[in-house]
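The file query-v8.txt contains compact mmCIF, C-alpha atoms:
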# COMPACT_ATOMS: atom_id res chain seq x y z
CA MET A 74 0.00 0.00 0.00
CA ALA A 75 1.62 3.22 -1.16
CA LEU A 76 1.80 6.06 1.31
CA LYS A 77 0.98 9.59 0.21
CA GLN A 78 3.85 12.04 -0.24
CA THR A 79 4.11 14.64 2.48
CA PRO A 80 2.99 17.95 0.97
CA SER A 81 5.55 20.69 0.48
CA GLN A 82 5.07 24.05 2.20
CA THR A 83 6.89 27.31 1.68
CA VAL A 84 10.26 27.85 3.35
CA GLY A 85 8.83 31.18 4.53
CA PRO A 86 10.64 34.42 5.36
CA PHE A 87 12.48 33.25 8.48
CA PHE A 88 14.60 30.30 7.36
CA ALA A 89 17.94 32.04 7.75
CA TYR A 90 18.81 31.16 11.33
CA GLY A 91 17.78 27.54 10.81
CA LEU A 92 19.23 26.79 7.39
CA THR A 93 21.96 29.37 6.77
CA PRO A 94 22.88 30.57 10.27
CA GLU A 95 26.54 31.47 9.74
CA GLN A 96 25.89 33.46 6.56
CA TYR A 97 23.33 35.61 8.39
CA GLY A 98 25.40 36.06 11.54
CA TYR A 99 23.61 33.72 13.92
CA THR A 100 26.27 32.20 16.11
CA GLU A 101 24.19 29.64 18.02
CA MET A 102 24.50 27.01 15.32
CA SER A 103 26.97 26.13 12.58
CA SER A 104 25.97 25.89 8.93
CA ILE A 105 25.89 22.53 7.18
CA ALA A 106 26.75 24.18 3.86
CA SER A 107 27.44 27.59 2.39
CA GLY A 108 28.12 29.32 -0.90
CA THR A 109 31.77 28.40 -0.61
CA MET A 110 31.85 24.84 -1.89
CA VAL A 111 35.60 24.55 -2.37
CA SER A 112 38.56 24.27 -0.03
CA ASP A 113 42.25 24.73 -0.68
CA ASP A 114 42.68 21.14 -1.84
CA THR A 115 39.68 20.93 -4.17
CA GLU A 116 40.77 19.77 -7.62
CA GLY A 117 39.52 21.49 -10.72
CA THR A 118 38.95 24.88 -12.27
CA LEU A 119 37.70 27.37 -9.70
CA ILE A 120 34.66 29.33 -10.81
CA ARG A 121 32.17 31.75 -9.32
CA VAL A 122 28.48 31.48 -10.09
CA GLU A 123 26.36 34.44 -9.12
CA GLY A 124 23.02 35.98 -9.86
CA ARG A 125 19.83 37.43 -8.57
CA VAL A 126 16.28 36.20 -8.23
CA LEU A 127 13.67 38.48 -9.81
CA ASP A 128 9.91 38.37 -9.52
CA ALA A 129 7.23 39.04 -12.13
CA GLU A 130 7.79 42.80 -11.79
CA ASP A 131 11.59 42.44 -11.96
CA THR A 132 11.89 43.28 -8.28
CA VAL A 133 14.90 41.58 -6.73
CA VAL A 134 13.96 38.92 -4.17
CA PRO A 135 15.89 39.44 -0.92
CA ASP A 136 14.65 36.34 0.91
CA ALA A 137 15.26 33.44 -1.46
CA MET A 138 17.47 30.45 -0.77
CA ILE A 139 19.37 28.67 -3.53
CA GLU A 140 20.84 25.19 -3.31
CA ILE A 141 23.28 23.66 -5.76
CA TRP A 142 24.13 20.01 -6.25
CA GLN A 143 26.90 19.21 -8.67
CA ALA A 144 29.50 16.75 -9.85
CA ASP A 145 33.19 17.32 -9.25
CA ALA A 146 35.67 18.39 -11.93
CA GLN A 147 35.87 14.79 -13.14
CA GLY A 148 32.09 14.52 -13.45
CA ARG A 149 31.59 12.36 -10.34
CA TYR A 150 28.93 12.80 -7.69
CA ALA A 151 29.81 12.23 -4.03
CA HIS A 152 26.95 9.78 -3.52
CA PRO A 153 26.67 5.97 -3.33
CA ALA A 154 24.63 5.81 -6.56
CA ASP A 155 27.69 7.06 -8.43
CA SER A 156 29.95 4.01 -8.42
CA ARG A 157 33.01 5.80 -9.78
CA SER A 158 35.89 6.54 -7.48
CA SER A 159 35.35 8.86 -4.55
CA ASN A 160 35.87 12.57 -4.92
CA ALA A 161 37.04 13.20 -1.40
CA GLY A 162 37.40 16.86 -0.59
CA PHE A 163 34.43 18.02 -2.63
CA ALA A 164 30.93 17.37 -1.31
CA GLY A 165 29.23 19.06 -4.24
CA PHE A 166 26.53 20.76 -2.22
CA GLY A 167 26.10 24.49 -1.72
CA ARG A 168 23.42 26.60 -0.09
CA THR A 169 23.09 30.33 0.24
CA GLY A 170 20.44 32.97 0.87
CA THR A 171 20.01 36.18 -1.09
CA GLY A 172 19.63 38.32 2.04
CA THR A 173 23.21 39.25 2.90
CA ASN A 174 24.74 40.55 -0.33
CA PRO A 175 24.15 44.31 -0.81
CA GLU A 176 22.58 43.65 -4.21
CA ASN A 177 20.83 40.50 -3.01
CA ARG A 178 22.99 38.28 -5.16
CA PHE A 179 23.59 34.63 -4.47
CA ILE A 180 27.24 33.72 -4.91
CA PHE A 181 28.75 30.25 -5.16
CA GLU A 182 32.48 29.66 -5.18
CA THR A 183 32.93 26.22 -6.66
CA VAL A 184 34.64 24.21 -9.39
CA LYS A 185 33.38 23.73 -12.87
CA PRO A 186 31.77 20.30 -13.00
CA GLY A 187 32.98 17.79 -15.53
CA PRO A 188 30.61 15.99 -17.89
CA ILE A 189 29.00 13.07 -16.06
CA GLY A 190 29.45 10.82 -19.06
CA ASP A 191 25.98 10.18 -20.41
CA GLY A 192 25.90 12.84 -23.10
CA GLN A 193 24.78 15.69 -20.87
CA ALA A 194 26.74 18.92 -20.93
CA PRO A 195 28.36 20.09 -17.66
CA HIS A 196 25.69 21.58 -15.41
CA LEU A 197 24.74 22.54 -11.88
CA ASN A 198 21.49 21.18 -10.42
CA VAL A 199 19.61 23.98 -8.70
CA ILE A 200 16.74 24.25 -6.22
CA VAL A 201 15.03 27.58 -5.57
CA PHE A 202 13.13 28.22 -2.33
CA MET A 203 11.41 31.33 -1.03
CA ARG A 204 8.49 32.88 0.73
CA GLY A 205 5.64 32.85 -1.76
CA MET A 206 6.77 29.58 -3.31
CA PRO A 207 4.72 26.72 -1.78
CA LEU A 208 6.80 24.14 -3.63
CA HIS A 209 10.50 24.46 -4.39
CA ALA A 210 11.49 24.87 -8.04
CA PHE A 211 14.09 22.80 -9.88
CA THR A 212 16.27 24.28 -12.58
CA ARG A 213 19.79 23.88 -13.98
CA ILE A 214 22.73 26.12 -14.76
CA TYR A 215 24.72 25.30 -17.90
CA PHE A 216 27.84 27.19 -19.02
CA SER A 217 28.01 29.60 -21.95
CA ASP A 218 31.53 28.48 -22.90
CA GLU A 219 30.39 24.88 -23.50
CA THR A 220 28.68 25.62 -26.79
CA SER A 221 29.13 22.30 -28.53
CA ALA A 222 28.31 20.25 -25.42
CA ASN A 223 25.23 22.40 -24.82
CA ASP A 224 24.10 21.91 -28.40
CA ALA A 225 24.13 18.14 -27.84
CA ASP A 226 22.61 18.16 -24.36
CA PRO A 227 19.34 16.20 -24.28
CA VAL A 228 17.76 18.37 -21.59
CA LEU A 229 18.53 21.64 -23.37
CA ARG A 230 17.31 20.12 -26.63
CA SER A 231 14.00 19.27 -24.95
CA VAL A 232 13.47 22.95 -24.11
CA PRO A 233 11.89 25.26 -26.71
CA GLU A 234 14.79 26.96 -28.44
CA GLU A 235 13.73 30.48 -27.51
CA ARG A 236 13.85 29.57 -23.80
CA ARG A 237 17.15 27.64 -23.69
CA GLN A 238 19.13 30.74 -22.92
CA THR A 239 17.41 31.00 -19.52
CA LEU A 240 19.33 27.89 -18.43
CA ILE A 241 22.79 29.12 -19.40
CA GLY A 242 25.11 30.99 -17.08
CA ALA A 243 26.86 33.74 -19.01
CA ARG A 244 30.63 33.83 -18.62
CA GLN A 245 31.93 37.32 -17.90
CA ASP A 246 35.15 38.62 -19.39
CA GLY A 247 37.79 39.56 -16.90
CA PRO A 248 40.94 38.54 -15.09
CA GLY A 249 41.04 35.85 -12.46
CA ARG A 250 38.66 32.99 -12.05
CA ALA A 251 35.76 32.64 -14.46
CA VAL A 252 32.50 34.21 -13.31
CA TYR A 253 29.17 32.97 -14.65
CA VAL A 254 26.09 35.11 -14.18
CA PHE A 255 22.73 33.41 -13.89
CA ASP A 256 19.61 35.34 -12.95
CA VAL A 257 16.47 33.49 -11.98
CA HIS A 258 13.32 35.05 -13.46
CA LEU A 259 10.39 33.61 -11.58
CA ARG A 260 7.59 34.67 -13.87
CA GLY A 261 6.95 36.57 -17.07
CA GLU A 262 8.56 37.24 -20.44
CA GLN A 263 12.04 36.11 -19.45
CA GLU A 264 10.81 33.33 -17.16
CA THR A 265 13.49 30.78 -16.32
CA VAL A 266 12.81 27.23 -17.40
CA PHE A 267 11.81 25.22 -14.35
CA LEU A 268 12.03 21.47 -14.51
CA ASP A 269 9.73 18.70 -13.44
CA ALA A 270 12.48 16.56 -11.97
CA MET B 65 19.85 9.17 -19.56
CA THR B 66 18.49 6.36 -17.43
CA GLU B 67 14.89 5.40 -16.95
CA ALA B 68 13.20 7.35 -14.15
CA ALA B 69 14.16 5.94 -10.77
CA TYR B 70 11.89 7.91 -8.45
CA THR B 71 8.17 8.40 -8.71
CA PRO B 72 7.08 11.85 -9.86
CA ARG B 73 5.79 14.55 -7.56
CA ASP B 74 2.20 13.69 -6.67
CA TRP B 75 0.03 16.64 -7.66
CA GLN B 76 -2.76 15.26 -5.48
CA THR B 77 -0.70 16.17 -2.43
CA GLN B 78 1.74 18.86 -3.66
CA PRO B 79 0.65 22.50 -3.86
CA ALA B 80 0.42 24.52 -7.05
CA TYR B 81 2.94 27.37 -7.37
CA LEU B 82 0.19 29.96 -7.82
CA THR B 83 -2.22 30.18 -4.90
CA PRO B 84 -3.65 33.72 -5.10
CA GLU B 85 -5.09 33.63 -1.58
CA TYR B 86 -1.47 33.39 -0.44
CA LYS B 87 -0.58 36.74 -1.92
CA SER B 88 3.19 36.40 -2.21
CA THR B 89 2.69 33.63 -4.77
CA VAL B 90 1.25 36.04 -7.35
CA LEU B 91 4.58 37.58 -8.34
CA ARG B 92 6.76 34.62 -7.41
CA SER B 93 5.15 31.66 -9.15
CA PRO B 94 6.26 30.27 -12.50
CA SER B 95 3.55 30.70 -15.15
CA LYS B 96 4.86 28.40 -17.87
CA PRO B 97 4.54 24.62 -17.76
CA LEU B 98 7.39 22.75 -16.11
CA ILE B 99 9.68 20.98 -18.59
CA PRO B 100 9.81 17.23 -17.90
CA LEU B 101 13.29 16.16 -16.79
CA PRO B 102 14.30 12.53 -17.33
CA GLN B 103 16.11 11.30 -14.23
CA SER B 104 19.83 10.85 -14.70
CA LEU B 105 22.73 10.48 -12.29
CA SER B 106 22.21 14.18 -11.51
CA GLU B 107 18.75 13.51 -10.08
CA ILE B 108 19.21 10.12 -8.37
CA THR B 109 22.20 11.33 -6.38
CA GLY B 110 22.13 14.01 -3.71
CA PRO B 111 24.08 15.44 -0.79
CA VAL B 112 25.01 13.04 1.97
CA PHE B 113 25.21 14.18 5.59
CA GLY B 114 26.29 12.10 8.54
CA HIS B 115 26.22 12.38 12.29
CA GLU B 116 29.60 14.13 12.07
CA THR B 117 27.68 17.19 10.85
CA LEU B 118 25.89 17.57 14.18
CA ASN B 119 26.49 18.80 17.68
CA PRO B 120 25.05 16.83 20.63
CA LEU B 121 22.40 19.45 21.50
CA ASP B 122 21.27 20.10 17.94
CA ASN B 123 18.04 18.12 18.40
CA ASP B 124 17.15 19.67 21.77
CA LEU B 125 15.82 23.18 21.30
CA THR B 126 15.14 23.50 25.03
CA LYS B 127 18.91 23.41 25.56
CA ASN B 128 20.70 24.57 22.42
CA GLY B 129 19.82 28.23 22.94
CA ALA B 130 19.83 28.32 26.72
CA LYS B 131 22.13 30.82 28.43
CA ASN B 132 23.76 30.40 31.84
CA GLY B 133 21.73 27.33 32.73
CA GLY B 134 18.43 29.00 31.90
CA GLU B 135 15.51 27.36 30.18
CA PRO B 136 13.08 28.61 27.53
CA LEU B 137 9.55 29.47 28.57
CA GLY B 138 6.64 27.54 27.15
CA GLU B 139 5.17 24.09 26.98
CA ARG B 140 7.88 21.47 26.44
CA ILE B 141 7.05 18.99 23.70
CA ILE B 142 8.60 15.97 22.01
CA VAL B 143 8.22 15.73 18.25
CA THR B 144 9.15 12.34 16.89
CA GLY B 145 8.38 9.98 14.04
CA ARG B 146 9.84 8.25 11.04
CA VAL B 147 11.00 9.27 7.61
CA LEU B 148 9.62 6.81 5.06
CA ASP B 149 9.27 6.64 1.32
CA GLU B 150 6.04 5.97 -0.52
CA ASN B 151 6.77 2.25 -0.35
CA GLU B 152 6.91 2.45 3.46
CA ARG B 153 10.65 1.90 3.44
CA PRO B 154 12.40 3.70 6.32
CA GLN B 155 14.92 6.34 5.27
CA PRO B 156 17.97 6.08 7.54
CA ASN B 157 20.75 8.66 7.85
CA THR B 158 18.78 11.52 6.39
CA LEU B 159 19.26 15.04 7.66
CA ILE B 160 16.26 16.86 9.15
CA GLU B 161 16.57 20.57 9.90
CA ILE B 162 13.90 22.51 11.81
CA TRP B 163 13.15 26.08 12.76
CA GLN B 164 10.26 27.64 14.63
CA CYS B 165 9.12 30.65 16.63
CA ASN B 166 9.15 30.66 20.41
CA ALA B 167 6.24 30.08 22.79
CA ALA B 168 5.17 33.72 22.38
CA GLY B 169 5.01 33.54 18.58
CA ARG B 170 8.26 35.39 17.88
CA TYR B 171 11.07 34.18 15.64
CA MET B 172 14.69 34.78 16.48
CA HIS B 173 15.05 36.07 12.89
CA ALA B 174 16.17 39.70 12.65
CA ALA B 175 13.38 40.46 10.16
CA ASP B 176 10.56 39.32 12.45
CA GLN B 177 8.95 42.52 13.72
CA HIS B 178 6.04 40.92 15.59
CA ASP B 179 5.57 42.68 18.91
CA ALA B 180 5.97 39.60 21.09
CA PRO B 181 8.95 38.96 23.36
CA LEU B 182 12.06 37.13 22.33
CA ASP B 183 13.10 34.43 24.75
CA PRO B 184 16.77 34.79 25.70
CA ASN B 185 16.94 31.05 26.25
CA PHE B 186 15.37 29.97 22.97
CA PHE B 187 17.07 29.95 19.60
CA GLY B 188 14.52 27.95 17.62
CA GLY B 189 16.75 26.10 15.17
CA GLY B 190 17.80 22.47 15.33
CA ARG B 191 18.57 19.34 13.37
CA CYS B 192 19.14 15.63 13.57
CA VAL B 193 19.89 12.65 11.39
CA THR B 194 17.47 9.69 11.28
CA ASP B 195 18.65 6.44 12.81
CA GLU B 196 18.85 3.08 11.04
CA ASN B 197 15.04 2.73 11.28
CA GLY B 198 14.36 6.18 9.89
CA VAL B 199 13.41 7.51 13.34
CA TYR B 200 13.99 11.11 14.41
CA LYS B 201 13.26 12.96 17.65
CA PHE B 202 13.30 16.60 18.70
CA THR B 203 12.71 18.17 22.10
CA THR B 204 11.41 21.72 21.90
CA VAL B 205 8.71 24.07 23.18
CA LYS B 206 5.37 24.41 21.48
CA PRO B 207 5.41 27.30 19.00
CA ALA B 208 2.57 29.83 19.07
CA ALA B 209 0.36 31.51 16.49
CA TYR B 210 1.48 34.89 15.18
CA PRO B 211 0.03 37.59 12.92
CA TRP B 212 1.20 38.19 9.37
CA GLY B 213 0.38 40.69 6.67
CA ASN B 214 -1.32 38.53 4.06
CA HIS B 215 -4.82 39.89 4.72
CA ALA B 216 -6.78 41.63 7.46
CA ASN B 217 -6.44 39.95 10.84
CA ALA B 218 -4.36 37.13 9.39
CA TRP B 219 -2.74 34.69 11.85
CA ARG B 220 -0.51 31.75 11.09
CA PRO B 221 -1.46 28.57 12.94
CA ALA B 222 1.31 27.26 15.20
CA HIS B 223 3.79 25.30 13.11
CA ILE B 224 7.30 23.94 12.90
CA HIS B 225 9.33 24.26 9.68
CA PHE B 226 11.07 21.11 8.47
CA SER B 227 13.73 20.58 5.80
CA LEU B 228 14.65 17.05 4.66
CA PHE B 229 16.97 15.67 2.02
CA GLY B 230 16.25 11.97 1.61
CA PRO B 231 18.46 9.83 -0.61
CA SER B 232 18.50 11.97 -3.76
CA PHE B 233 18.19 15.42 -5.30
CA VAL B 234 14.54 14.75 -6.18
CA THR B 235 13.50 13.59 -2.70
CA ARG B 236 14.17 17.03 -1.21
CA LEU B 237 11.30 18.26 0.97
CA VAL B 238 10.70 21.53 2.80
CA THR B 239 7.44 21.72 4.69
CA GLN B 240 5.62 22.86 7.83
CA SER B 241 3.79 20.68 10.32
CA TYR B 242 0.89 21.81 12.46
CA PHE B 243 -0.88 20.81 15.67
CA PRO B 244 -4.19 18.95 15.95
CA GLY B 245 -7.37 20.88 16.67
CA ASP B 246 -6.04 24.31 15.71
CA PRO B 247 -8.97 26.56 14.66
CA LEU B 248 -6.60 28.72 12.56
CA LEU B 249 -5.84 25.92 10.11
CA GLU B 250 -8.93 26.32 7.95
CA LEU B 251 -8.27 30.08 7.73
CA ASP B 252 -4.63 29.79 6.69
CA PRO B 253 -3.83 30.32 2.98
CA ILE B 254 -0.49 28.54 3.32
CA TYR B 255 -2.03 25.42 4.85
CA ASN B 256 -4.83 25.65 2.29
CA ALA B 257 -2.32 25.81 -0.58
CA THR B 258 -2.15 22.06 -0.10
CA PRO B 259 -4.83 20.27 -2.14
CA ASP B 260 -8.03 19.36 -0.35
CA GLY B 261 -7.73 15.80 0.91
CA ALA B 262 -4.00 16.05 1.57
CA ARG B 263 -3.90 18.86 4.14
CA GLU B 264 -4.36 16.49 7.07
CA LEU B 265 -0.99 14.96 6.14
CA LEU B 266 0.55 18.14 7.62
CA ILE B 267 -0.93 17.71 11.11
CA LYS B 268 0.99 16.06 13.92
CA LYS B 269 -0.79 13.48 16.08
CA PHE B 270 -0.85 13.75 19.83
CA SER B 271 0.75 10.62 21.26
CA LEU B 272 0.67 9.42 24.83
CA ASP B 273 3.33 6.89 23.85
CA ALA B 274 5.66 9.69 22.85
CA THR B 275 4.77 11.72 25.94
CA GLU B 276 7.45 11.65 28.63
CA GLU B 277 5.88 11.43 32.06
CA GLY B 278 6.36 14.54 34.14
CA PHE B 279 8.35 16.21 31.38
CA ALA B 280 6.76 16.86 27.98
CA LEU B 281 3.77 16.06 25.77
CA GLY B 282 4.55 13.94 22.73
CA TYR B 283 3.55 14.46 19.12
CA GLU B 284 4.17 12.09 16.24
CA PHE B 285 4.72 13.08 12.64
CA ASP B 286 5.89 10.79 9.84
CA PHE B 287 7.38 12.14 6.64
CA VAL B 288 6.80 10.40 3.32
CA LEU B 289 9.34 11.14 0.58
CA ARG B 290 9.20 10.17 -3.06
CA GLY B 291 10.01 6.46 -3.46
CA LEU B 292 11.73 4.30 -6.02
CA LYS B 293 9.51 3.06 -8.79
CA ALA B 294 8.28 -0.48 -8.17
CA THR B 295 9.95 -1.91 -11.28
CA LEU B 296 13.32 -0.74 -10.06
CA MET B 297 12.79 -2.11 -6.59
CA GLU B 298 12.15 -5.58 -8.05
CA SER B 299 15.18 -5.61 -10.32

Can I see the file as structure tokens?
Amino acid sequence: MALKQTPSQTVGPFFAYGLTPEQYGYTEMSSIASGTMVSDDTEGTLIRVEGRVLDAEDTVVPDAMIEIWQADAQGRYAHPADSRSSNAGFAGFGRTGTGTNPENRFIFETVKPGPIGDGQAPHLNVIVFMRGMPLHAFTRIYFSDETSANDADPVLRSVPEERRQTLIGARQDGPGRAVYVFDVHLRGEQETVFLDA
Amino acid sequence: MTEAAYTPRDWQTQPAYLTPEYKSTVLRSPSKPLIPLPQSLSEITGPVFGHETLNPLDNDLTKNGAKNGGEPLGERIIVTGRVLDENERPQPNTLIEIWQCNAAGRYMHAADQHDAPLDPNFFGGGRCVTDENGVYKFTTVKPAAYPWGNHANAWRPAHIHFSLFGPSFVTRLVTQSYFPGDPLLELDPIYNATPDGARELLIKKFSLDATEEGFALGYEFDFVLRGLKATLMES
């Protein structure tokens, strides 16, 4: 007899001290994850992924939480279902709120994931939570400098062509580590593609 | 791409993004259809957390914010239960994070402007990892109702926020659980965002078995995460 799935409810406006305490300056509890997903010994190409969350009126959302789940630079996930060798030193999980950056950006310092080997282009798996969202939203971040891999990616190919760009983080020119900008548009003309994962 | 491993989200129990009575959804809900995503290694894996992530008092909210031997005010309660999947299989070693307001209806959060007192001995955040049988347990104080700005004279029913991971990226769950017999439930647009017929799944059950004599009332609440498809379980 199948049980019924527990319904989702919104994360609400007050998640910060429970889910991202260190980022928001609450000292009573440590954080299980942050926007800094790398340490000094993480292998791979360091990148920064940043962006904002915008509502239907293009107002920046200051109380969203973004989570990222990704493979390491060799395309391996730190999880038992991925039987390839361990990627010790890189958990692959990041979490940050949009409430502490002056421009309400989310910022992830991570490594560029490798291709996982099944024909998909390198990507970050993303979950978006916020007040006003009763159910979290799944999306992905691909990379603008992976043109040929993106062209062959089965998920991107399943998206109407005029909307594919909403899933691609745009690499910025500049010195130092590569920065990819990815804004989440919740609703409207530029609406980000959300996935039924 | 592999064949889907986990059952899809059940739209008989999961809320729609747009619920106009809950006003914040109007500008924050996707309007275009979701694009179906075949499940690959990206979806059937997910972050793994162990007991090493936790401190000993993380699951006792009556102690983890106490100062100088003090104790939080309010009615002590135990909240316990199991994390299962749809096939009734216990989910061991899964991280559960919680946050709640205090017994006066005030959150520790800096943005909470409700004119009710903070409790210097109550933080309101906690977490634990389920044991080998999928069982979790928190000790806390009962949260209170509080007003919010959604509509005139709007009050949130008392609730505890929960965040769970489960075994994969697609089993992620963030929810709120309520208390039995609360007259505010039927008036609450957030509770009512859940489809009719599934709302009761969000209400804890009072349990004398979980009640600790002379110490705290017990409430039970089981979580049900998306499960593996039957064909995959058999193979």

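Residues having any atom no farther than 10 Å from (16.0, 25.5, -17.0) (counting all atoms listed in the file) are Asn198, Val199, Phe211, Thr212, Arg213, Ile214, Tyr215, Val228, Leu229, Val232, Arg236, Arg237, Gln238, Thr239, Leu240, Ile241, Val257, Glu264, Thr265, Val266, Phe267, Leu268 and Asp269 of chain A; Leu98, Ile99 and Leu101 of chain B.
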
Print the selection's residues with C-alpha atoms to a file, as a PDB file, in the frame of the given file.
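The file below, selection.pdb, is the result:
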ATOM      1  CA  ASN A 198      21.490  21.180 -10.420  1.00  0.00           C
ATOM      2  CA  VAL A 199      19.610  23.980  -8.700  1.00  0.00           C
ATOM      3  CA  PHE A 211      14.090  22.800  -9.880  1.00  0.00           C
ATOM      4  CA  THR A 212      16.270  24.280 -12.580  1.00  0.00           C
ATOM      5  CA  ARG A 213      19.790  23.880 -13.980  1.00  0.00           C
ATOM      6  CA  ILE A 214      22.730  26.120 -14.760  1.00  0.00           C
ATOM      7  CA  TYR A 215      24.720  25.300 -17.900  1.00  0.00           C
ATOM      8  CA  VAL A 228      17.760  18.370 -21.590  1.00  0.00           C
ATOM      9  CA  LEU A 229      18.530  21.640 -23.370  1.00  0.00           C
ATOM     10  CA  VAL A 232      13.470  22.950 -24.110  1.00  0.00           C
ATOM     11  CA  ARG A 236      13.850  29.570 -23.800  1.00  0.00           C
ATOM     12  CA  ARG A 237      17.150  27.640 -23.690  1.00  0.00           C
ATOM     13  CA  GLN A 238      19.130  30.740 -22.920  1.00  0.00           C
ATOM     14  CA  THR A 239      17.410  31.000 -19.520  1.00  0.00           C
ATOM     15  CA  LEU A 240      19.330  27.890 -18.430  1.00  0.00           C
ATOM     16  CA  ILE A 241      22.790  29.120 -19.400  1.00  0.00           C
ATOM     17  CA  VAL A 257      16.470  33.490 -11.980  1.00  0.00           C
ATOM     18  CA  GLU A 264      10.810  33.330 -17.160  1.00  0.00           C
ATOM     19  CA  THR A 265      13.490  30.780 -16.320  1.00  0.00           C
ATOM     20  CA  VAL A 266      12.810  27.230 -17.400  1.00  0.00           C
ATOM     21  CA  PHE A 267      11.810  25.220 -14.350  1.00  0.00           C
ATOM     22  CA  LEU A 268      12.030  21.470 -14.510  1.00  0.00           C
ATOM     23  CA  ASP A 269       9.730  18.700 -13.440  1.00  0.00           C
TER      24      ASP A 269
ATOM     25  CA  LEU B  98       7.390  22.750 -16.110  1.00  0.00           C
ATOM     26  CA  ILE B  99       9.680  20.980 -18.590  1.00  0.00           C
ATOM     27  CA  LEU B 101      13.290  16.160 -16.790  1.00  0.00           C
TER      28      LEU B 101
END

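Every protein, DNA or RNA residue with an atom at most 7 Å from segment 195-207 of chain B, where all atoms listed in the file count and chain neighbours fewer than 4 positions away do not, is listed here: B:Asn123, B:Asp124, B:Leu125, B:Thr126, B:Gly138, B:Glu139, B:Arg140, B:Ile141, B:Ile142, B:Val143, B:Thr144, B:Gly145, B:Arg146, B:Val147, B:Leu148, B:Pro154, B:Gln155, B:Pro156, B:Asn157, B:Gln164, B:Cys165, B:Asn166, B:Ala167, B:Gly169, B:Ala222, B:His223.
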
Spatial neighbours of Asn119 of chain B, 12 Å, all atoms listed in the file, chain gap at least 3 places, as a VMD selection string: (chain A and resid 101 to 105) or (chain B and resid 114 to 116 122 to 124 127 to 128 190 to 193)

Using all atoms listed in the file, pick whichever of A:Thr173, A:Ser217, A:Ser231, A:Thr115 has the shortest atom-to-atom distance to chain B.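 Of all the options, A:Ser231 lies closest to chain B.
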
Please report, as a Markdown table, each residue of segment 105-181 of chain B lying at most 8 Å from segment 75-78 of chain A, together with the nearest pair of atoms and the separation in Å rounded to one decimal; use only C-alpha atoms, and order rows by chain and ascending residue number.
| residue | atom | partner | partner_atom | distance |
| --- | --- | --- | --- | --- |
| B:Asp149 | CA | A:Leu76 | CA | 7.5 |
| B:Glu150 | CA | A:Leu76 | CA | 4.6 |
| B:Asn151 | CA | A:Ala75 | CA | 5.3 |
| B:Glu152 | CA | A:Leu76 | CA | 6.6 |

Quote the spacing between atom CA of Leu228 of chain B and atom CA of Leu159 of chain B in Å to one decimal place. 5.9 Å

Do you know which residues are at most 12 Å from Leu197 of chain A counting only C-alpha atoms, after dropping those on the same chain fewer than 5 positions away, and could you put them as a PDB file with C-alpha atoms, in the frame of the given file?
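Final file, selection.pdb:
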ATOM      1  CA  VAL A 122      28.480  31.480 -10.090  1.00  0.00           C
ATOM      2  CA  ILE A 139      19.370  28.670  -3.530  1.00  0.00           C
ATOM      3  CA  GLU A 140      20.840  25.190  -3.310  1.00  0.00           C
ATOM      4  CA  ILE A 141      23.280  23.660  -5.760  1.00  0.00           C
ATOM      5  CA  TRP A 142      24.130  20.010  -6.250  1.00  0.00           C
ATOM      6  CA  GLN A 143      26.900  19.210  -8.670  1.00  0.00           C
ATOM      7  CA  ALA A 144      29.500  16.750  -9.850  1.00  0.00           C
ATOM      8  CA  ASP A 145      33.190  17.320  -9.250  1.00  0.00           C
ATOM      9  CA  ALA A 146      35.670  18.390 -11.930  1.00  0.00           C
ATOM     10  CA  GLY A 148      32.090  14.520 -13.450  1.00  0.00           C
ATOM     11  CA  TYR A 150      28.930  12.800  -7.690  1.00  0.00           C
ATOM     12  CA  GLY A 165      29.230  19.060  -4.240  1.00  0.00           C
ATOM     13  CA  PHE A 166      26.530  20.760  -2.220  1.00  0.00           C
ATOM     14  CA  GLY A 167      26.100  24.490  -1.720  1.00  0.00           C
ATOM     15  CA  PHE A 181      28.750  30.250  -5.160  1.00  0.00           C
ATOM     16  CA  THR A 183      32.930  26.220  -6.660  1.00  0.00           C
ATOM     17  CA  VAL A 184      34.640  24.210  -9.390  1.00  0.00           C
ATOM     18  CA  LYS A 185      33.380  23.730 -12.870  1.00  0.00           C
ATOM     19  CA  PRO A 186      31.770  20.300 -13.000  1.00  0.00           C
ATOM     20  CA  GLY A 187      32.980  17.790 -15.530  1.00  0.00           C
ATOM     21  CA  PRO A 188      30.610  15.990 -17.890  1.00  0.00           C
ATOM     22  CA  ILE A 189      29.000  13.070 -16.060  1.00  0.00           C
ATOM     23  CA  PHE A 211      14.090  22.800  -9.880  1.00  0.00           C
ATOM     24  CA  THR A 212      16.270  24.280 -12.580  1.00  0.00           C
ATOM     25  CA  ARG A 213      19.790  23.880 -13.980  1.00  0.00           C
ATOM     26  CA  ILE A 214      22.730  26.120 -14.760  1.00  0.00           C
ATOM     27  CA  TYR A 215      24.720  25.300 -17.900  1.00  0.00           C
ATOM     28  CA  PHE A 216      27.840  27.190 -19.020  1.00  0.00           C
ATOM     29  CA  LEU A 240      19.330  27.890 -18.430  1.00  0.00           C
ATOM     30  CA  ILE A 241      22.790  29.120 -19.400  1.00  0.00           C
ATOM     31  CA  GLY A 242      25.110  30.990 -17.080  1.00  0.00           C
ATOM     32  CA  TYR A 253      29.170  32.970 -14.650  1.00  0.00           C
ATOM     33  CA  PHE A 255      22.730  33.410 -13.890  1.00  0.00           C
TER      34      PHE A 255
ATOM     35  CA  SER B 106      22.210  14.180 -11.510  1.00  0.00           C
ATOM     36  CA  GLU B 107      18.750  13.510 -10.080  1.00  0.00           C
ATOM     37  CA  PHE B 233      18.190  15.420  -5.300  1.00  0.00           C
TER      38      PHE B 233
END
